[in-house]
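A.B. asks: Here you go, this is coords06.pdb (PDB, C-alpha atoms and all ligand atoms).
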ATOM      1  CA  PRO A   1     134.957  57.793 196.525  1.00  0.00           C
ATOM      2  CA  ALA A   2     137.399  54.882 196.287  1.00  0.00           C
ATOM      3  CA  ALA A   3     140.750  55.126 198.074  1.00  0.00           C
ATOM      4  CA  VAL A   4     143.440  56.904 196.090  1.00  0.00           C
ATOM      5  CA  ILE A   5     146.779  55.130 195.672  1.00  0.00           C
ATOM      6  CA  VAL A   6     149.850  57.149 194.650  1.00  0.00           C
ATOM      7  CA  ALA A   7     153.126  55.385 193.752  1.00  0.00           C
ATOM      8  CA  ILE A   8     156.331  57.443 193.875  1.00  0.00           C
ATOM      9  CA  ASP A   9     159.467  55.702 192.618  1.00  0.00           C
ATOM     10  CA  GLY A  10     162.974  56.763 191.685  1.00  0.00           C
ATOM     11  CA  PRO A  11     166.633  56.459 192.641  1.00  0.00           C
ATOM     12  CA  ALA A  12     168.153  57.617 195.935  1.00  0.00           C
ATOM     13  CA  GLY A  13     168.350  61.334 196.672  1.00  0.00           C
ATOM     14  CA  THR A  14     165.650  62.539 194.279  1.00  0.00           C
ATOM     15  CA  GLY A  15     163.457  63.832 197.109  1.00  0.00           C
ATOM     16  CA  LYS A  16     161.041  60.879 197.208  1.00  0.00           C
ATOM     17  CA  SER A  17     160.618  60.856 200.985  1.00  0.00           C
ATOM     18  CA  SER A  18     160.258  64.616 201.480  1.00  0.00           C
ATOM     19  CA  THR A  19     157.864  64.863 198.547  1.00  0.00           C
ATOM     20  CA  SER A  20     155.786  61.814 199.500  1.00  0.00           C
ATOM     21  CA  LYS A  21     155.376  62.870 203.130  1.00  0.00           C
ATOM     22  CA  ALA A  22     154.376  66.428 202.209  1.00  0.00           C
ATOM     23  CA  VAL A  23     151.921  65.320 199.516  1.00  0.00           C
ATOM     24  CA  ALA A  24     150.320  62.791 201.887  1.00  0.00           C
ATOM     25  CA  ALA A  25     150.018  65.404 204.660  1.00  0.00           C
ATOM     26  CA  LYS A  26     148.505  68.016 202.324  1.00  0.00           C
ATOM     27  CA  LEU A  27     145.928  65.597 200.928  1.00  0.00           C
ATOM     28  CA  GLY A  28     145.112  63.787 204.175  1.00  0.00           C
ATOM     29  CA  LEU A  29     146.498  60.468 202.924  1.00  0.00           C
ATOM     30  CA  GLY A  30     148.685  57.836 204.589  1.00  0.00           C
ATOM     31  CA  TYR A  31     152.387  57.499 203.804  1.00  0.00           C
ATOM     32  CA  LEU A  32     154.464  54.345 203.408  1.00  0.00           C
ATOM     33  CA  ASP A  33     158.271  54.415 203.149  1.00  0.00           C
ATOM     34  CA  THR A  34     159.080  51.029 201.597  1.00  0.00           C
ATOM     35  CA  GLY A  35     162.822  51.728 201.690  1.00  0.00           C
ATOM     36  CA  ALA A  36     162.525  51.844 205.485  1.00  0.00           C
ATOM     37  CA  GLN A  37     161.076  48.306 205.400  1.00  0.00           C
ATOM     38  CA  TYR A  38     164.025  46.982 203.374  1.00  0.00           C
ATOM     39  CA  ARG A  39     166.384  48.842 205.698  1.00  0.00           C
ATOM     40  CA  ALA A  40     164.602  47.328 208.725  1.00  0.00           C
ATOM     41  CA  ILE A  41     164.966  43.737 207.505  1.00  0.00           C
ATOM     42  CA  THR A  42     168.625  44.482 206.669  1.00  0.00           C
ATOM     43  CA  TRP A  43     169.187  45.903 210.172  1.00  0.00           C
ATOM     44  CA  TRP A  44     167.636  42.758 211.680  1.00  0.00           C
ATOM     45  CA  MET A  45     169.867  40.466 209.579  1.00  0.00           C
ATOM     46  CA  LEU A  46     173.007  42.349 210.668  1.00  0.00           C
ATOM     47  CA  ASP A  47     171.854  42.413 214.313  1.00  0.00           C
ATOM     48  CA  ASN A  48     171.276  38.650 214.191  1.00  0.00           C
ATOM     49  CA  GLY A  49     174.617  37.825 212.649  1.00  0.00           C
ATOM     50  CA  ILE A  50     173.185  36.679 209.320  1.00  0.00           C
ATOM     51  CA  ASP A  51     175.837  36.711 206.580  1.00  0.00           C
ATOM     52  CA  VAL A  52     174.400  39.338 204.226  1.00  0.00           C
ATOM     53  CA  THR A  53     176.770  38.295 201.436  1.00  0.00           C
ATOM     54  CA  ASP A  54     175.020  34.895 201.377  1.00  0.00           C
ATOM     55  CA  PRO A  55     171.679  34.986 199.499  1.00  0.00           C
ATOM     56  CA  VAL A  56     170.749  31.533 200.849  1.00  0.00           C
ATOM     57  CA  ALA A  57     171.213  32.662 204.465  1.00  0.00           C
ATOM     58  CA  ILE A  58     169.200  35.827 203.727  1.00  0.00           C
ATOM     59  CA  ALA A  59     166.412  33.806 202.082  1.00  0.00           C
ATOM     60  CA  ASP A  60     166.251  31.380 205.027  1.00  0.00           C
ATOM     61  CA  ALA A  61     165.905  34.247 207.519  1.00  0.00           C
ATOM     62  CA  ALA A  62     163.578  36.447 205.453  1.00  0.00           C
ATOM     63  CA  GLY A  63     160.395  35.261 207.162  1.00  0.00           C
ATOM     64  CA  LYS A  64     161.560  35.683 210.748  1.00  0.00           C
ATOM     65  CA  PRO A  65     161.423  39.381 211.735  1.00  0.00           C
ATOM     66  CA  ALA A  66     158.048  41.059 212.318  1.00  0.00           C
ATOM     67  CA  ILE A  67     158.166  44.421 210.537  1.00  0.00           C
ATOM     68  CA  VAL A  68     155.540  47.043 211.362  1.00  0.00           C
ATOM     69  CA  SER A  69     155.205  50.402 209.559  1.00  0.00           C
ATOM     70  CA  GLY A  70     153.191  53.354 210.897  1.00  0.00           C
ATOM     71  CA  THR A  71     151.665  55.366 208.034  1.00  0.00           C
ATOM     72  CA  ASP A  72     151.021  58.810 209.566  1.00  0.00           C
ATOM     73  CA  PRO A  73     152.960  61.231 207.293  1.00  0.00           C
ATOM     74  CA  ALA A  74     153.506  63.575 210.259  1.00  0.00           C
ATOM     75  CA  ALA A  75     155.201  60.814 212.288  1.00  0.00           C
ATOM     76  CA  PRO A  76     156.025  57.710 210.277  1.00  0.00           C
ATOM     77  CA  THR A  77     157.312  54.792 212.361  1.00  0.00           C
ATOM     78  CA  ILE A  78     159.147  51.544 211.708  1.00  0.00           C
ATOM     79  CA  SER A  79     159.704  48.689 214.129  1.00  0.00           C
ATOM     80  CA  VAL A  80     161.177  45.204 214.035  1.00  0.00           C
ATOM     81  CA  ASP A  81     159.967  42.661 216.605  1.00  0.00           C
ATOM     82  CA  GLY A  82     158.562  45.571 218.598  1.00  0.00           C
ATOM     83  CA  VAL A  83     161.813  47.578 218.604  1.00  0.00           C
ATOM     84  CA  ASP A  84     161.768  51.115 217.148  1.00  0.00           C
ATOM     85  CA  VAL A  85     164.519  51.081 214.493  1.00  0.00           C
ATOM     86  CA  ALA A  86     163.928  54.502 212.877  1.00  0.00           C
ATOM     87  CA  GLY A  87     167.433  55.625 213.898  1.00  0.00           C
ATOM     88  CA  PRO A  88     169.548  52.498 213.358  1.00  0.00           C
ATOM     89  CA  ILE A  89     168.202  51.851 209.837  1.00  0.00           C
ATOM     90  CA  ARG A  90     169.868  55.083 208.603  1.00  0.00           C
ATOM     91  CA  THR A  91     173.449  54.107 209.470  1.00  0.00           C
ATOM     92  CA  GLN A  92     176.139  53.769 206.816  1.00  0.00           C
ATOM     93  CA  GLU A  93     176.361  50.066 207.680  1.00  0.00           C
ATOM     94  CA  VAL A  94     172.711  49.414 206.798  1.00  0.00           C
ATOM     95  CA  THR A  95     172.804  51.734 203.755  1.00  0.00           C
ATOM     96  CA  SER A  96     175.773  49.863 202.298  1.00  0.00           C
ATOM     97  CA  LYS A  97     174.161  46.421 202.774  1.00  0.00           C
ATOM     98  CA  VAL A  98     170.498  47.074 201.942  1.00  0.00           C
ATOM     99  CA  SER A  99     170.797  46.573 198.155  1.00  0.00           C
ATOM    100  CA  ALA A 100     172.209  43.061 198.616  1.00  0.00           C
ATOM    101  CA  VAL A 101     169.455  42.080 201.056  1.00  0.00           C
ATOM    102  CA  SER A 102     166.645  43.630 199.015  1.00  0.00           C
ATOM    103  CA  ALA A 103     167.773  41.799 195.867  1.00  0.00           C
ATOM    104  CA  VAL A 104     166.872  38.403 197.394  1.00  0.00           C
ATOM    105  CA  PRO A 105     163.509  37.209 195.975  1.00  0.00           C
ATOM    106  CA  GLU A 106     162.299  35.798 199.333  1.00  0.00           C
ATOM    107  CA  VAL A 107     162.864  39.190 200.956  1.00  0.00           C
ATOM    108  CA  ARG A 108     160.994  40.985 198.181  1.00  0.00           C
ATOM    109  CA  ALA A 109     158.064  38.545 198.314  1.00  0.00           C
ATOM    110  CA  ARG A 110     157.739  39.041 202.053  1.00  0.00           C
ATOM    111  CA  ILE A 111     157.982  42.844 202.002  1.00  0.00           C
ATOM    112  CA  THR A 112     155.791  43.208 198.902  1.00  0.00           C
ATOM    113  CA  GLU A 113     153.004  41.285 200.625  1.00  0.00           C
ATOM    114  CA  LEU A 114     153.228  43.612 203.632  1.00  0.00           C
ATOM    115  CA  GLN A 115     153.066  46.651 201.362  1.00  0.00           C
ATOM    116  CA  ARG A 116     150.012  45.376 199.492  1.00  0.00           C
ATOM    117  CA  THR A 117     148.193  44.645 202.749  1.00  0.00           C
ATOM    118  CA  ILE A 118     148.877  48.155 204.041  1.00  0.00           C
ATOM    119  CA  ALA A 119     147.791  49.794 200.762  1.00  0.00           C
ATOM    120  CA  ALA A 120     144.627  47.685 200.519  1.00  0.00           C
ATOM    121  CA  THR A 121     143.346  48.912 203.877  1.00  0.00           C
ATOM    122  CA  ALA A 122     144.423  52.577 203.599  1.00  0.00           C
ATOM    123  CA  GLU A 123     141.516  55.029 203.902  1.00  0.00           C
ATOM    124  CA  PRO A 124     141.084  57.445 202.193  1.00  0.00           C
ATOM    125  CA  GLY A 125     144.281  56.465 200.417  1.00  0.00           C
ATOM    126  CA  ILE A 126     148.060  56.356 200.636  1.00  0.00           C
ATOM    127  CA  VAL A 127     151.262  57.625 199.068  1.00  0.00           C
ATOM    128  CA  VAL A 128     153.731  54.744 198.721  1.00  0.00           C
ATOM    129  CA  GLU A 129     157.361  55.528 197.920  1.00  0.00           C
ATOM    130  CA  GLY A 130     160.015  53.112 196.709  1.00  0.00           C
ATOM    131  CA  ARG A 131     161.699  51.625 193.675  1.00  0.00           C
ATOM    132  CA  ASP A 132     159.199  49.103 192.260  1.00  0.00           C
ATOM    133  CA  ILE A 133     155.855  50.374 193.517  1.00  0.00           C
ATOM    134  CA  GLY A 134     154.449  51.397 190.115  1.00  0.00           C
ATOM    135  CA  THR A 135     155.889  48.392 188.287  1.00  0.00           C
ATOM    136  CA  THR A 136     155.338  45.517 190.730  1.00  0.00           C
ATOM    137  CA  VAL A 137     153.822  46.279 194.120  1.00  0.00           C
ATOM    138  CA  LEU A 138     150.839  48.393 193.059  1.00  0.00           C
ATOM    139  CA  PRO A 139     150.579  48.232 189.252  1.00  0.00           C
ATOM    140  CA  ASP A 140     146.988  49.526 189.460  1.00  0.00           C
ATOM    141  CA  ALA A 141     147.944  52.702 191.368  1.00  0.00           C
ATOM    142  CA  ASP A 142     145.810  55.729 190.447  1.00  0.00           C
ATOM    143  CA  LEU A 143     148.892  57.849 189.862  1.00  0.00           C
ATOM    144  CA  LYS A 144     152.525  56.832 189.294  1.00  0.00           C
ATOM    145  CA  ILE A 145     155.363  59.326 189.602  1.00  0.00           C
ATOM    146  CA  PHE A 146     158.991  58.614 188.714  1.00  0.00           C
ATOM    147  CA  LEU A 147     161.365  61.168 190.250  1.00  0.00           C
ATOM    148  CA  THR A 148     164.822  61.706 188.764  1.00  0.00           C
ATOM    149  CA  ALA A 149     167.666  64.197 189.291  1.00  0.00           C
ATOM    150  CA  SER A 150     171.295  64.460 188.238  1.00  0.00           C
ATOM    151  CA  ALA A 151     173.743  62.420 190.300  1.00  0.00           C
ATOM    152  CA  ALA A 152     175.458  65.629 191.436  1.00  0.00           C
ATOM    153  CA  ALA A 153     172.169  67.148 192.686  1.00  0.00           C
ATOM    154  CA  ARG A 154     171.255  63.929 194.477  1.00  0.00           C
ATOM    155  CA  ALA A 155     174.608  63.706 196.224  1.00  0.00           C
ATOM    156  CA  ALA A 156     174.412  67.345 197.316  1.00  0.00           C
ATOM    157  CA  ARG A 157     170.905  66.811 198.762  1.00  0.00           C
ATOM    158  CA  ARG A 158     171.946  63.643 200.570  1.00  0.00           C
ATOM    159  CA  ASN A 159     174.931  65.388 202.166  1.00  0.00           C
ATOM    160  CA  GLY A 160     172.619  68.257 203.139  1.00  0.00           C
ATOM    161  CA  GLU A 161     170.220  65.816 204.874  1.00  0.00           C
ATOM    162  CA  LEU A 162     173.110  64.350 206.831  1.00  0.00           C
ATOM    163  CA  GLY A 163     173.856  67.856 208.161  1.00  0.00           C
ATOM    164  CA  GLY A 164     177.461  67.965 207.026  1.00  0.00           C
ATOM    165  CA  LYS A 165     178.107  64.454 208.290  1.00  0.00           C
ATOM    166  CA  GLY A 166     177.939  63.004 204.782  1.00  0.00           C
ATOM    167  CA  GLY A 167     181.636  63.683 204.266  1.00  0.00           C
ATOM    168  CA  ASP A 168     183.153  63.996 200.837  1.00  0.00           C
ATOM    169  CA  LEU A 169     180.649  64.911 198.104  1.00  0.00           C
ATOM    170  CA  ALA A 170     182.393  62.769 195.496  1.00  0.00           C
ATOM    171  CA  ALA A 171     182.265  59.768 197.850  1.00  0.00           C
ATOM    172  CA  THR A 172     178.555  60.332 198.544  1.00  0.00           C
ATOM    173  CA  GLN A 173     177.879  60.526 194.805  1.00  0.00           C
ATOM    174  CA  ALA A 174     179.864  57.358 194.109  1.00  0.00           C
ATOM    175  CA  ALA A 175     177.948  55.463 196.834  1.00  0.00           C
ATOM    176  CA  LEU A 176     174.568  56.659 195.492  1.00  0.00           C
ATOM    177  CA  VAL A 177     175.454  55.721 191.918  1.00  0.00           C
ATOM    178  CA  GLN A 178     176.661  52.308 193.055  1.00  0.00           C
ATOM    179  CA  ARG A 179     173.446  51.634 195.042  1.00  0.00           C
ATOM    180  CA  ASP A 180     171.267  52.714 192.088  1.00  0.00           C
ATOM    181  CA  ALA A 181     173.202  50.437 189.761  1.00  0.00           C
ATOM    182  CA  ALA A 182     172.646  47.502 192.125  1.00  0.00           C
ATOM    183  CA  ASP A 183     168.937  48.357 192.514  1.00  0.00           C
ATOM    184  CA  SER A 184     168.438  48.827 188.753  1.00  0.00           C
ATOM    185  CA  GLY A 185     170.447  45.765 187.812  1.00  0.00           C
ATOM    186  CA  ARG A 186     168.884  43.138 190.073  1.00  0.00           C
ATOM    187  CA  LYS A 187     166.775  40.380 188.526  1.00  0.00           C
ATOM    188  CA  THR A 188     163.723  40.568 190.763  1.00  0.00           C
ATOM    189  CA  SER A 189     161.685  43.737 190.539  1.00  0.00           C
ATOM    190  CA  PRO A 190     164.450  46.253 189.771  1.00  0.00           C
ATOM    191  CA  LEU A 191     164.274  50.025 190.142  1.00  0.00           C
ATOM    192  CA  ALA A 192     162.407  51.056 186.983  1.00  0.00           C
ATOM    193  CA  LYS A 193     159.963  53.616 185.656  1.00  0.00           C
ATOM    194  CA  ALA A 194     156.545  52.132 184.930  1.00  0.00           C
ATOM    195  CA  GLU A 195     155.365  52.708 181.371  1.00  0.00           C
ATOM    196  CA  ASP A 196     152.458  54.786 182.607  1.00  0.00           C
ATOM    197  CA  ALA A 197     154.431  56.797 185.191  1.00  0.00           C
ATOM    198  CA  VAL A 198     154.844  60.567 184.967  1.00  0.00           C
ATOM    199  CA  GLU A 199     158.555  61.369 185.056  1.00  0.00           C
ATOM    200  CA  VAL A 200     159.548  64.503 186.992  1.00  0.00           C
ATOM    201  CA  ASP A 201     163.177  65.658 186.774  1.00  0.00           C
ATOM    202  CA  THR A 202     163.752  67.513 190.051  1.00  0.00           C
ATOM    203  CA  THR A 203     167.319  68.712 189.321  1.00  0.00           C
ATOM    204  CA  GLU A 204     166.261  72.332 188.769  1.00  0.00           C
ATOM    205  CA  LEU A 205     163.176  72.323 190.996  1.00  0.00           C
ATOM    206  CA  THR A 206     162.748  73.285 194.645  1.00  0.00           C
ATOM    207  CA  LEU A 207     161.083  70.800 196.988  1.00  0.00           C
ATOM    208  CA  ASP A 208     157.980  73.043 197.106  1.00  0.00           C
ATOM    209  CA  GLN A 209     157.736  73.001 193.317  1.00  0.00           C
ATOM    210  CA  VAL A 210     157.911  69.202 193.226  1.00  0.00           C
ATOM    211  CA  ILE A 211     155.257  68.901 195.959  1.00  0.00           C
ATOM    212  CA  GLU A 212     152.983  71.338 194.105  1.00  0.00           C
ATOM    213  CA  CYS A 213     153.426  69.406 190.869  1.00  0.00           C
ATOM    214  CA  VAL A 214     152.523  66.057 192.461  1.00  0.00           C
ATOM    215  CA  VAL A 215     149.581  67.482 194.441  1.00  0.00           C
ATOM    216  CA  THR A 216     148.144  68.899 191.196  1.00  0.00           C
ATOM    217  CA  LEU A 217     148.540  65.534 189.461  1.00  0.00           C
ATOM    218  CA  VAL A 218     146.781  63.716 192.342  1.00  0.00           C
ATOM    219  CA  GLU A 219     143.927  66.237 192.365  1.00  0.00           C
ATOM    220  CA  GLU A 220     143.398  65.672 188.634  1.00  0.00           C
ATOM    221  CA  LYS A 221     142.927  61.948 189.361  1.00  0.00           C
ATOM    222  CA  ARG A 222     140.525  62.305 192.268  1.00  0.00           C
TER     223      ARG A 222
HETATM  224  O1  LIG A 301     164.534  54.638 199.783  1.00  0.00           O
HETATM  225  P1  LIG A 301     165.757  54.143 200.503  1.00  0.00           P
HETATM  226  O2  LIG A 301     167.008  54.767 199.957  1.00  0.00           O
HETATM  227  O3  LIG A 301     165.655  54.252 201.974  1.00  0.00           O
HETATM  228  O4  LIG A 301     165.808  52.583 200.147  1.00  0.00           O
HETATM  229  C1  LIG A 301     166.828  51.764 200.644  1.00  0.00           C
HETATM  230  C2  LIG A 301     167.023  50.558 199.741  1.00  0.00           C
HETATM  231  O5  LIG A 301     165.903  49.691 199.844  1.00  0.00           O
HETATM  232  C3  LIG A 301     167.186  50.820 198.249  1.00  0.00           C
HETATM  233  O6  LIG A 301     168.517  51.179 197.893  1.00  0.00           O
HETATM  234  C4  LIG A 301     166.786  49.465 197.663  1.00  0.00           C
HETATM  235  O7  LIG A 301     167.856  48.553 197.717  1.00  0.00           O
HETATM  236  C5  LIG A 301     165.718  48.994 198.623  1.00  0.00           C
HETATM  237  N1  LIG A 301     164.355  49.241 198.129  1.00  0.00           N
HETATM  238  C6  LIG A 301     163.833  48.348 197.223  1.00  0.00           C
HETATM  239  N2  LIG A 301     162.533  48.473 196.809  1.00  0.00           N
HETATM  240  C7  LIG A 301     161.768  49.471 197.262  1.00  0.00           C
HETATM  241  C8  LIG A 301     162.285  50.406 198.173  1.00  0.00           C
HETATM  242  C9  LIG A 301     163.605  50.277 198.578  1.00  0.00           C
HETATM  243  O8  LIG A 301     164.521  47.426 196.797  1.00  0.00           O
HETATM  244  N3  LIG A 301     160.484  49.543 196.862  1.00  0.00           N
END
Here is a file; write its structure as structure tokens.
C.D. replies:
Amino acid sequence: PAAVIVAIDGPAGTGKSSTSKAVAAKLGLGYLDTGAQYRAITWWMLDNGIDVTDPVAIADAAGKPAIVSGTDPAAPTISVDGVDVAGPIRTQEVTSKVSAVSAVPEVRARITELQRTIAATAEPGIVVEGRDIGTTVLPDADLKIFLTASAAARAARRNGELGGKGGDLAATQAALVQRDAADSGRKTSPLAKAEDAVEVDTTELTLDQVIECVVTLVEEKR
């Protein structure tokens, strides 16, 4: 059978990563975290003193770093110029700057090409999570999922992931809402639900229920 491609999009804190990794592991598919790629290029820009408030400077530098993603759902990896950046890409500094960097068309073109190359060679298939996978990166995906949840639920989950280090819940929620607004409002390939995506509101669902729901949908397509 042909490789199966699953696109999982949605705003921050909806459970995209946990769901995508678990679904990929259960079905024996690869897993690609495209947010990690945008975080990695952002980390590199900051580390190299690029002014990330200057879209021209970002565009000029966009082609320089070599970004490599490992697609094993049990141990996904991300490196920039051979350096493992799995830890540093999750800092507050990177999180607060990534929307500005990822809005630059040259950055998106570069990262989108990487993503398409990875998906095209994935056997027996791959789960790709992000913001514009169903709309732009892989419009021919076999299954498109759009995960949503209330802002309050998303903030609570994000603080939970940070193990109490997320700080004030209201501040976490405000930061998430602000990042989603930037991601949804950008000109090039914004965060959006594809017309043919299945929307799953995870507010009242456990992670296991969401995983089960997506696995069933993939199995129906295979
Ligand atoms: O998924 P995660 O929260 O790690 O994504 C970090 C950021 O990367 C998003 O807020 C967004 O700015 C950018 N992103 C994107 N397109 C994707 C995935 C992530 O612009 N497909």
A.B. asks: Smallest atom-to-atom distance to ligand LIG 301 (chain A): which of A:Ala197, A:Val23, A:Ala100, A:Ile126, using only C-alpha atoms and all ligand atoms?
C.D. replies: A:Ala100
A.B. asks: Mind telling me what the PyMOL selection byres (((not hetatm)) within 6 of (chain A and resi 301)) catches here, as a list in words?
C.D. replies: Ala12, Thr34, Gly35, Ala36, Tyr38, Arg39, Val98, Ser99, Ser102, Gly130, Arg131, Asp132, Ile133, Arg179 and Asp183 of chain A
A.B. asks: For C-alpha atoms, I'd like the residues from the last selection saved as a short mmCIF file (atom, residue, chain, number, x, y, z; two decimals), keeping the file's coordinate frame.
C.D. replies:
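File produced: out.cif:
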data_model
loop_
_atom_site.label_atom_id
_atom_site.label_comp_id
_atom_site.auth_asym_id
_atom_site.auth_seq_id
_atom_site.Cartn_x
_atom_site.Cartn_y
_atom_site.Cartn_z
CA ALA A 12 168.15 57.62 195.94
CA THR A 34 159.08 51.03 201.60
CA GLY A 35 162.82 51.73 201.69
CA ALA A 36 162.52 51.84 205.48
CA TYR A 38 164.02 46.98 203.37
CA ARG A 39 166.38 48.84 205.70
CA VAL A 98 170.50 47.07 201.94
CA SER A 99 170.80 46.57 198.16
CA SER A 102 166.64 43.63 199.02
CA GLY A 130 160.01 53.11 196.71
CA ARG A 131 161.70 51.62 193.68
CA ASP A 132 159.20 49.10 192.26
CA ILE A 133 155.85 50.37 193.52
CA ARG A 179 173.45 51.63 195.04
CA ASP A 183 168.94 48.36 192.51
#
A.B. asks: Smallest atom-to-atom distance to Glu199 in chain A: which of A:Val56, A:Ile50, A:Ala149, A:Ala171, using all atoms listed in the file?
C.D. replies: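 Nearest candidate to Glu199 in chain A out of A:Val56, A:Ile50, A:Ala149, A:Ala171: A:Ala149.
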A.B. asks: Using the chain letters and residue numbers of this document, give as a PyMOL selection string the residues selected by the PyMOL selection byres (((chain A and resi 155-164) around 9) and not hetatm).
C.D. replies: chain A and resi 12-15+150-154+165-176
A.B. asks: Find the residues with any atom within 9 Å of (159.6, 57.3, 202.0); use only C-alpha atoms and the coordinates as given in the file, and write the answer as number ranges by chain.
C.D. replies: A: 8, 16-21, 31-36, 127-130
A.B. asks: Carefully work through the PyMOL selection byres (((chain A and resi 122) around 9) and not hetatm) for this structure and note down the residues it includes, as a tab-separated table (two decimals) with C-alpha atoms, in the frame of the given file.
C.D. replies:
chain	number	residue	atom	x	y	z
A	3	ALA	CA	140.75	55.13	198.07
A	4	VAL	CA	143.44	56.90	196.09
A	5	ILE	CA	146.78	55.13	195.67
A	29	LEU	CA	146.50	60.47	202.92
A	30	GLY	CA	148.68	57.84	204.59
A	71	THR	CA	151.66	55.37	208.03
A	117	THR	CA	148.19	44.64	202.75
A	118	ILE	CA	148.88	48.16	204.04
A	119	ALA	CA	147.79	49.79	200.76
A	120	ALA	CA	144.63	47.68	200.52
A	121	THR	CA	143.35	48.91	203.88
A	123	GLU	CA	141.52	55.03	203.90
A	124	PRO	CA	141.08	57.44	202.19
A	125	GLY	CA	144.28	56.46	200.42
A	126	ILE	CA	148.06	56.36	200.64
A.B. asks: Within 10 Å of Lys187 in chain A, counting all atoms listed in the file, which residues show up once you throw out same-chain ones fewer than 6 positions away? Write them as a list in words, please.
C.D. replies: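 Listing them by chain and then by number gives Ala103, Val104 and Pro105 of chain A.
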A.B. asks: As JSON, please report the centre and edge lengths, rounded to one decimal in Å, of the axis-aligned box that holds all listed atoms of range 123-140 of chain A with 6 Å of padding on each of the six sides.
C.D. replies:
{"center_x": 151.4, "center_y": 51.6, "center_z": 196.1, "size_x": 32.6, "size_y": 24.1, "size_z": 27.6}
A.B. asks: What is the CA of Gly28 in chain A-CA of Ile78 in chain A distance in Å, reported with one decimal?
C.D. replies: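 Here the two named atoms are 20.1 Å from each other.
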